[in-house]
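query-v2.cif follows (mmCIF, C-alpha atoms and all ligand atoms):
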data_final
#
loop_
_atom_site.label_atom_id
_atom_site.label_comp_id
_atom_site.auth_asym_id
_atom_site.auth_seq_id
_atom_site.Cartn_x
_atom_site.Cartn_y
_atom_site.Cartn_z
CA MET A 1 69.13 109.06 98.87
CA LYS A 2 70.79 111.16 101.55
CA LYS A 3 72.09 114.50 100.33
CA ASP A 4 75.80 115.46 100.22
CA ILE A 5 75.72 118.21 102.86
CA MET A 6 79.38 119.25 102.63
CA SER A 7 79.01 120.15 98.95
CA MET A 8 76.32 122.74 99.79
CA ASN A 9 77.09 126.41 100.19
CA LEU A 10 75.54 128.34 103.07
CA ALA A 11 72.57 129.53 100.97
CA GLU A 12 71.76 126.00 99.83
CA LEU A 13 72.16 124.62 103.35
CA THR A 14 69.91 127.36 104.72
CA GLU A 15 67.19 126.35 102.27
CA GLU A 16 67.45 122.73 103.36
CA ILE A 17 67.31 123.64 107.05
CA LEU A 18 64.27 125.87 106.56
CA ALA A 19 62.57 123.07 104.62
CA LEU A 20 63.07 120.82 107.65
CA GLY A 21 61.21 123.38 109.76
CA GLN A 22 64.33 124.51 111.62
CA PRO A 23 65.27 128.13 112.36
CA LYS A 24 67.59 129.78 109.87
CA PHE A 25 70.51 130.33 112.26
CA ARG A 26 70.98 126.57 112.58
CA ALA A 27 72.34 126.50 109.03
CA LYS A 28 75.30 128.69 109.91
CA GLN A 29 75.94 126.64 113.03
CA ILE A 30 76.00 123.40 111.02
CA TYR A 31 78.07 124.97 108.25
CA ARG A 32 80.71 125.94 110.80
CA TRP A 33 80.81 122.43 112.25
CA LEU A 34 81.43 121.08 108.76
CA HIS A 35 83.82 123.65 107.36
CA LYS A 36 85.63 125.00 110.42
CA ALA A 37 85.66 122.06 112.85
CA PHE A 38 85.74 119.40 110.08
CA VAL A 39 83.43 117.02 111.96
CA THR A 40 82.95 113.64 110.33
CA ASP A 41 79.68 112.74 112.03
CA PHE A 42 76.52 114.60 113.04
CA SER A 43 76.87 113.22 116.59
CA GLN A 44 79.87 115.56 117.02
CA MET A 45 77.69 118.68 116.58
CA SER A 46 77.42 119.05 120.34
CA ASP A 47 75.41 122.27 120.51
CA LEU A 48 72.51 120.83 118.51
CA SER A 49 69.73 118.82 120.15
CA LEU A 50 69.94 115.04 119.86
CA GLU A 51 66.67 115.19 117.96
CA LEU A 52 68.11 117.58 115.35
CA ARG A 53 71.30 115.56 115.01
CA ARG A 54 69.12 112.51 114.26
CA ILE A 55 67.09 114.44 111.68
CA LEU A 56 70.29 115.57 109.99
CA ASP A 57 71.63 112.05 109.97
CA ASP A 58 68.39 110.82 108.35
CA ASN A 59 68.58 113.40 105.57
CA PHE A 60 72.24 114.08 104.88
CA VAL A 61 75.61 112.41 104.64
CA ILE A 62 79.03 113.91 105.41
CA PHE A 63 81.35 112.52 102.74
CA HIS A 64 84.84 112.24 104.10
CA CYS A 65 87.73 110.25 102.75
CA THR A 66 89.78 108.02 105.02
CA ILE A 67 93.53 107.61 105.16
CA GLU A 68 94.51 104.41 103.35
CA LYS A 69 98.24 105.04 103.41
CA LYS A 70 100.57 107.82 104.47
CA LEU A 71 104.20 108.36 103.49
CA VAL A 72 106.39 110.90 105.25
CA SER A 73 109.50 112.18 103.49
CA GLU A 74 112.62 111.91 105.59
CA TYR A 75 114.22 114.74 103.62
CA ASP A 76 111.72 117.54 104.04
CA GLY A 77 108.65 116.35 105.98
CA THR A 78 106.43 116.33 102.89
CA ILE A 79 103.56 113.93 103.49
CA LYS A 80 101.86 112.00 100.73
CA TYR A 81 98.37 110.65 101.42
CA LEU A 82 96.54 107.88 99.68
CA PHE A 83 92.87 108.46 100.50
CA LYS A 84 89.98 106.06 100.11
CA LEU A 85 86.62 107.46 98.99
CA ASN A 86 83.22 106.10 100.07
CA ASP A 87 82.99 103.86 97.00
CA GLY A 88 86.46 102.42 97.59
CA GLU A 89 88.24 104.47 94.89
CA LEU A 90 91.68 105.84 95.74
CA ILE A 91 93.07 109.35 95.28
CA GLU A 92 96.29 111.11 96.28
CA SER A 93 97.00 114.37 98.08
CA VAL A 94 100.21 115.92 99.32
CA LEU A 95 101.02 118.18 102.27
CA MET A 96 104.04 120.43 101.76
CA GLN A 97 105.56 122.79 104.27
CA TYR A 98 106.98 126.08 103.06
CA LYS A 99 108.23 129.11 104.95
CA TYR A 100 104.94 130.85 104.25
CA GLY A 101 102.75 128.03 105.49
CA TYR A 102 101.19 124.68 104.73
CA THR A 103 100.19 123.85 101.18
CA VAL A 104 97.94 120.97 100.19
CA CYS A 105 97.97 119.60 96.67
CA VAL A 106 94.53 118.15 95.93
CA SER A 107 93.15 115.77 93.31
CA SER A 108 90.07 116.66 91.29
CA GLN A 109 89.36 113.29 89.66
CA VAL A 110 90.02 109.58 90.21
CA GLY A 111 92.59 109.05 87.46
CA CYS A 112 92.69 111.29 84.40
CA ARG A 113 91.80 110.98 80.72
CA MET A 114 94.20 113.52 79.29
CA GLY A 115 96.89 110.96 78.43
CA CYS A 116 100.08 113.04 78.95
CA SER A 117 103.03 110.80 78.12
CA PHE A 118 105.07 111.52 81.28
CA CYS A 119 102.27 111.35 83.86
CA ALA A 120 101.38 108.41 86.12
CA SER A 121 97.84 109.61 86.93
CA THR A 122 96.58 109.01 83.43
CA LEU A 123 97.99 105.53 82.79
CA SER A 124 94.68 103.74 83.44
CA GLY A 125 92.36 106.54 82.35
CA VAL A 126 89.71 108.30 84.39
CA VAL A 127 87.30 106.49 86.71
CA ARG A 128 85.15 109.45 87.77
CA SER A 129 85.21 113.08 88.83
CA LEU A 130 85.25 114.14 92.48
CA THR A 131 82.41 115.99 94.18
CA PRO A 132 83.11 119.33 95.88
CA SER A 133 82.99 117.61 99.29
CA GLU A 134 85.54 115.00 98.20
CA ILE A 135 87.97 117.72 97.15
CA LEU A 136 87.40 119.64 100.41
CA SER A 137 87.77 116.50 102.49
CA GLN A 138 91.39 116.07 101.38
CA ILE A 139 92.22 119.43 102.99
CA TYR A 140 90.08 118.84 106.08
CA MET A 141 91.47 115.35 106.76
CA ILE A 142 95.04 116.58 106.38
CA SER A 143 94.33 119.53 108.72
CA LEU A 144 92.92 117.16 111.36
CA ASP A 145 95.65 114.57 110.94
CA ASN A 146 98.40 117.13 111.52
CA ASN A 147 96.52 119.58 113.71
CA ILE A 148 97.46 122.47 111.42
CA ARG A 149 95.83 125.31 109.52
CA VAL A 150 96.32 124.87 105.80
CA SER A 151 96.96 128.25 104.16
CA HIS A 152 97.55 127.38 100.49
CA VAL A 153 95.96 124.99 98.00
CA VAL A 154 97.22 123.82 94.62
CA MET A 155 94.98 121.88 92.26
CA MET A 156 97.84 119.87 90.82
CA GLY A 157 97.02 116.37 92.01
CA MET A 158 95.33 113.68 89.99
CA GLY A 159 92.85 114.73 87.34
CA GLU A 160 92.18 117.64 85.00
CA PRO A 161 90.24 120.37 86.87
CA PHE A 162 88.56 121.65 83.69
CA ASP A 163 87.28 118.13 82.96
CA ASN A 164 85.28 118.56 86.20
CA TYR A 165 84.57 122.28 85.84
CA ASP A 166 81.37 122.77 87.86
CA ASN A 167 82.46 120.75 90.89
CA VAL A 168 85.87 122.44 90.90
CA LEU A 169 84.26 125.90 90.80
CA LYS A 170 81.92 124.93 93.62
CA PHE A 171 84.90 123.64 95.61
CA LEU A 172 86.72 126.94 95.04
CA SER A 173 83.80 128.98 96.36
CA LEU A 174 83.42 126.73 99.42
CA VAL A 175 87.10 126.62 100.31
CA SER A 176 87.41 130.41 100.11
CA ASP A 177 84.18 131.14 102.01
CA GLU A 178 84.82 133.22 105.12
CA ASN A 179 82.19 131.24 107.03
CA GLY A 180 84.21 128.10 106.40
CA VAL A 181 87.88 127.19 106.14
CA ASN A 182 88.46 130.59 104.52
CA ILE A 183 91.51 130.00 102.34
CA SER A 184 92.12 133.14 100.31
CA MET A 185 91.75 132.82 96.53
CA ARG A 186 95.15 134.52 96.30
CA HIS A 187 96.59 131.43 97.96
CA ILE A 188 95.07 129.01 95.46
CA SER A 189 96.57 127.75 92.20
CA LEU A 190 94.71 125.80 89.57
CA SER A 191 96.63 123.89 86.92
CA THR A 192 95.26 122.82 83.55
CA CYS A 193 96.75 120.86 80.66
CA GLY A 194 95.32 123.55 78.36
CA ILE A 195 91.58 123.08 77.84
CA VAL A 196 90.88 126.38 76.10
CA PRO A 197 87.10 126.63 76.75
CA GLY A 198 87.85 126.08 80.46
CA ILE A 199 90.36 128.93 80.47
CA MET A 200 87.82 131.21 78.80
CA LYS A 201 85.11 130.24 81.28
CA LEU A 202 87.39 130.79 84.26
CA MET A 203 88.32 134.19 82.84
CA GLU A 204 84.66 135.22 83.09
CA GLU A 205 84.59 134.27 86.79
CA ASN A 206 87.35 136.81 87.42
CA LEU A 207 88.77 134.99 90.46
CA GLN A 208 91.91 136.11 92.28
CA LEU A 209 93.51 132.67 92.03
CA THR A 210 96.64 131.81 90.03
CA LEU A 211 96.10 129.95 86.79
CA SER A 212 98.88 127.52 85.89
CA ILE A 213 99.22 126.18 82.38
CA SER A 214 101.04 122.91 81.79
CA LEU A 215 102.80 124.03 78.64
CA HIS A 216 105.84 121.71 78.56
CA ALA A 217 106.80 122.52 74.94
CA PRO A 218 107.19 125.59 72.71
CA ASN A 219 105.63 124.18 69.52
CA ASP A 220 102.89 121.84 68.28
CA GLU A 221 105.20 119.10 67.13
CA ILE A 222 106.79 118.50 70.52
CA ARG A 223 103.72 119.36 72.56
CA SER A 224 101.46 117.00 70.63
CA SER A 225 103.96 114.19 71.14
CA MET A 226 103.81 114.73 74.91
CA MET A 227 100.20 115.85 75.40
CA PRO A 228 97.30 114.54 73.28
CA VAL A 229 95.17 117.54 74.35
CA ASN A 230 97.37 119.67 72.08
CA LYS A 231 95.79 118.04 69.02
CA LYS A 232 92.51 119.65 70.00
CA TRP A 233 93.80 123.05 71.14
CA GLY A 234 97.22 123.78 69.67
CA VAL A 235 99.94 126.00 71.09
CA ARG A 236 98.85 129.15 69.20
CA GLU A 237 95.23 128.84 70.31
CA LEU A 238 96.31 128.12 73.88
CA ILE A 239 98.65 131.10 74.11
CA ASP A 240 96.03 133.40 72.56
CA ALA A 241 93.57 132.27 75.25
CA CYS A 242 96.21 132.92 77.93
CA LYS A 243 96.83 136.43 76.56
CA LYS A 244 93.13 137.14 76.70
CA TYR A 245 93.04 135.79 80.25
CA THR A 246 95.86 138.02 81.52
CA ASP A 247 94.48 141.06 79.65
CA THR A 248 91.05 140.60 81.17
CA THR A 249 91.96 139.58 84.72
CA SER A 250 95.34 141.35 85.07
CA ARG A 251 96.47 138.16 86.76
CA ARG A 252 99.86 136.69 85.95
CA ILE A 253 99.80 133.18 84.47
CA SER A 254 102.25 130.55 85.60
CA PHE A 255 103.60 128.27 82.84
CA GLU A 256 104.72 124.84 83.96
CA TYR A 257 107.48 123.24 81.91
CA ALA A 258 108.52 119.67 82.79
CA MET A 259 112.07 119.15 81.58
CA VAL A 260 112.40 115.84 79.74
CA ASN A 261 115.83 114.84 78.54
CA GLY A 262 116.24 115.12 74.77
CA VAL A 263 112.58 115.95 74.21
CA ASN A 264 111.94 119.58 75.15
CA ASP A 265 115.12 120.76 76.88
CA SER A 266 117.35 122.03 74.04
CA GLU A 267 118.64 125.59 73.71
CA GLU A 268 116.47 125.98 70.58
CA CYS A 269 113.42 125.08 72.67
CA ALA A 270 114.36 127.76 75.21
CA TYR A 271 114.65 130.42 72.49
CA GLU A 272 111.42 129.29 70.88
CA LEU A 273 109.65 129.43 74.24
CA ALA A 274 110.97 132.94 74.88
CA GLU A 275 109.60 134.02 71.51
CA LEU A 276 106.24 132.36 72.13
CA LEU A 277 105.73 134.04 75.50
CA ARG A 278 107.28 137.39 74.59
CA GLY A 279 105.59 140.32 76.30
CA MET A 280 103.28 138.17 78.39
CA LEU A 281 102.42 138.74 82.03
CA CYS A 282 103.76 135.39 83.21
CA HIS A 283 106.07 133.30 85.28
CA ILE A 284 107.86 130.17 84.06
CA ASN A 285 108.33 127.22 86.37
CA LEU A 286 110.80 124.59 85.19
CA ILE A 287 110.16 121.16 86.69
CA PRO A 288 112.77 118.39 86.48
CA VAL A 289 110.41 115.62 85.33
CA ASN A 290 109.67 112.90 87.87
CA GLU A 291 110.59 109.64 86.25
CA VAL A 292 107.66 107.23 86.21
CA THR A 293 108.48 103.53 85.78
CA GLU A 294 105.88 102.93 83.06
CA THR A 295 107.00 105.86 80.89
CA SER A 296 110.24 106.30 79.00
CA CYS A 297 110.76 109.92 80.09
CA LYS A 298 114.12 110.72 81.58
CA ARG A 299 114.91 113.83 83.56
CA SER A 300 117.09 116.55 82.03
CA SER A 301 120.51 117.00 83.64
CA PRO A 302 120.96 119.90 86.10
CA ALA A 303 123.34 121.52 83.60
CA ARG A 304 120.74 121.48 80.82
CA ILE A 305 118.07 122.83 83.14
CA LYS A 306 120.42 125.60 84.25
CA ARG A 307 121.23 126.56 80.64
CA PHE A 308 117.53 126.57 79.70
CA SER A 309 116.71 128.73 82.69
CA GLU A 310 119.54 131.18 81.93
CA ILE A 311 118.34 131.73 78.37
CA LEU A 312 114.84 132.57 79.61
CA SER A 313 116.16 134.85 82.38
CA ALA A 314 118.36 136.70 79.90
CA LYS A 315 115.26 137.32 77.81
CA GLY A 316 113.67 138.97 80.84
CA PHE A 317 111.39 136.21 82.08
CA ALA A 318 110.72 135.38 85.71
CA VAL A 319 111.92 131.78 85.89
CA THR A 320 112.16 129.34 88.77
CA VAL A 321 113.32 125.76 88.89
CA ARG A 322 110.97 123.81 91.11
CA ARG A 323 112.57 122.56 94.27
CA GLU A 324 111.91 118.89 94.57
CA LEU A 325 109.95 117.85 97.64
CA GLY A 326 109.32 114.33 98.83
CA ALA A 327 111.71 112.70 96.36
CA ASP A 328 111.92 109.63 98.58
CA ILE A 329 108.15 109.06 98.76
CA ASN A 330 106.96 108.85 95.17
CA ALA A 331 105.43 112.30 95.33
CA ALA A 332 104.88 112.52 91.56
CA CYS A 333 101.19 112.47 90.67
CA GLY A 334 99.52 109.14 90.57
CA GLN A 335 102.45 106.92 91.47
CA LEU A 336 101.15 105.92 94.89
CA ARG A 337 97.68 104.95 93.67
CA ARG A 338 99.22 102.97 90.83
CA ASN A 339 101.57 101.07 93.08
CA SER A 340 98.73 100.13 95.39
CA GLN A 341 96.72 98.72 92.46
CA LYS A 342 99.45 96.35 91.39
N1 LIG A 401 95.71 118.09 84.83
C1 LIG A 401 96.28 119.29 85.34
C2 LIG A 401 96.72 119.23 86.79
C3 LIG A 401 97.37 117.98 87.31
S1 LIG A 401 99.06 117.66 86.96
C4 LIG A 401 97.44 119.72 84.48
O1 LIG A 401 97.79 119.01 83.55
O2 LIG A 401 97.97 120.81 84.69
C5 LIG A 401 100.01 118.88 87.77
C6 LIG A 401 101.31 119.18 87.05
O3 LIG A 401 102.23 118.08 87.16
C7 LIG A 401 101.11 119.40 85.57
O4 LIG A 401 101.90 120.50 85.17
C8 LIG A 401 101.61 118.12 84.98
O5 LIG A 401 101.96 118.27 83.63
C9 LIG A 401 102.77 117.81 85.89
N2 LIG A 401 103.26 116.44 85.85
C10 LIG A 401 102.58 115.30 85.61
N3 LIG A 401 103.40 114.23 85.64
C11 LIG A 401 104.62 114.71 85.92
C12 LIG A 401 105.90 114.10 86.09
N4 LIG A 401 106.06 112.79 85.97
N5 LIG A 401 106.94 114.91 86.36
C13 LIG A 401 106.78 116.25 86.49
N6 LIG A 401 105.62 116.87 86.35
C14 LIG A 401 104.55 116.12 86.06
#

Any chance you could give the structure as structure tokens?
Amino acid sequence: MKKDIMSMNLAELTEEILALGQPKFRAKQIYRWLHKAFVTDFSQMSDLSLELRRILDDNFVIFHCTIEKKLVSEYDGTIKYLFKLNDGELIESVLMQYKYGYTVCVSSQVGCRMGCSFCASTLSGVVRSLTPSEILSQIYMISLDNNIRVSHVVMMGMGEPFDNYDNVLKFLSLVSDENGVNISMRHISLSTCGIVPGIMKLMEENLQLTLSISLHAPNDEIRSSMMPVNKKWGVRELIDACKKYTDTTSRRISFEYAMVNGVNDSEECAYELAELLRGMLCHINLIPVNEVTETSCKRSSPARIKRFSEILSAKGFAVTVRRELGADINAACGQLRRNSQK
């Protein structure tokens, strides 16, 4: 079995290179080819001898995904990618352009097993988790395809990052490594549906990234009806974990709240949410829900979203309503993969 070289950090790669009887400095050279030049084949490592390139090819594999489909939004240039992995599985990634730079939204799993009622990624469950190299490859392939430097990453694609904790953490350390693509932790967001042990573990890592919590409801009754994960870790337990997280890391948490008509968008919900999050170091992001054909969720009207947002602002919260990007290209999680399976 050839080893997955792009999932190795520099220390691990150095060990491998030494074991092959090569000088230590080669490891850094190879690491740069992989994580700065994004080569897809050892033959492209032009400053290594042909002999060494052959040895590498005999021992390692560079896992890259390939572009299966690409949709470009006519409204805002957002590009949605459907990528094929080595075993034929499909995942989605999105490139968004903001004033401050290019952001890539990456997937962490093929499918998802969290079962949120409004989400397309979870409709056929989880197939498997992604390796660190498969998460990196989404960013590298998009950088090559557009000839750009990606400056921001959000882990908000398909999958639950904390259901693939170790590979996600490894990915985070590789993507922020200054010897590689060097994306600052401060420019990375990780979103979870609320797996409390994952939040507590991440707290111990004390990373400078932004933790996003998909809250979507102010109480157990509504949240459990939308998100099965809430039956395991309820709202109180989740918010207590978040408080601990902000106390320990001094990092502001971002709460995601998908506005679903008649489900979680009433004035009472807004007041209840304000009470729940009172005094917390946080930001609230209201997301007009993307309507997915297979689910019955309907988006809240702009007037209801505005009212909800005003109540939270008046209570002193930092609130934003997410600007919709790529509305014409099915940019909601999981919709592209699903359509291609039909
Ligand atoms: N599993 C992680 C990350 C992936 S989903 C999580 O749950 O946070 C990224 C965000 O998109 C989450 O906040 C998720 O709840 C939200 N989302 C999923 N489907 C959506 C839809 N149809 N409309 C709007 N937001 C959606």

Item to check | Selection as a PyMOL selection string: residues within 8 Å of ligand LIG 401 (chain A) by only C-alpha atoms and all ligand atoms | outcome: chain A and resi 107+112+114+116+118-121+155-161+190-194+212-216+256-259+287-292+332-333

Quick one: 5 Å padding each side, axis-aligned, all listed atoms of region 302-314 of chain A - centre and edge lengths in Å to one decimal, as lines of an AutoDock Vina configuration file?
center_x = 119.1
center_y = 128.3
center_z = 82.2
size_x = 18.5
size_y = 26.8
size_z = 17.7

Next on the checklist: If we draw a sphere of 10 Å around (84.2, 127.7, 89.2), which residues have at least one atom in it when counting all atoms listed in the file? Please report them as a list in words.
Outcome noted: Pro161, Phe162, Asn164, Tyr165, Asp166, Asn167, Val168, Leu169, Lys170, Phe171, Leu172, Ser173, Gly198, Lys201, Leu202, Met203, Glu204, Glu205, Asn206 and Leu207 of chain A

Item to check | Pick from A:Thr320, A:Asn86, A:Ser93, A:Ser143, whichever lies nearest to Val39 (chain A) using all atoms listed in the file | outcome: A:Ser143

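As for CA of Ser137 (chain A) and CA of Asn285 (chain A), they are spaced 28.2 Å apart.
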
Next on the checklist: So, with all atoms listed in the file as the atoms that count, which of A:Ala27, A:Ile305, A:Ala327, A:Ile148 lies closest to Ser266 (chain A)?
Outcome noted: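 Result for the nearest residue to Ser266 (chain A): A:Ile305.
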
Item to check | Best match for closeness to Ala37 (chain A) among A:Thr78, A:Thr295, A:Asn59, A:Asn147, counting only C-alpha atoms | outcome: A:Asn147

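Closest approach to Val321 (chain A) among A:Ser301, A:Ser340, A:Ser49, A:Ser309: A:Ser309, based on all atoms listed in the file.
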
Item to check | Test item: residues at most 12 Å from Asp41 (chain A), all atoms listed in the file, excluding those fewer than 5 positions along its chain, as number ranges by chain | outcome: A: 5-6, 30, 33-34, 46, 53-54, 56-57, 60-64

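The shortest atom-to-atom distance to Phe308 (chain A), with only C-alpha atoms taken into account, belongs to A:Ile284 out of A:Ile183, A:Ala241, A:Ile284, A:Ile17.
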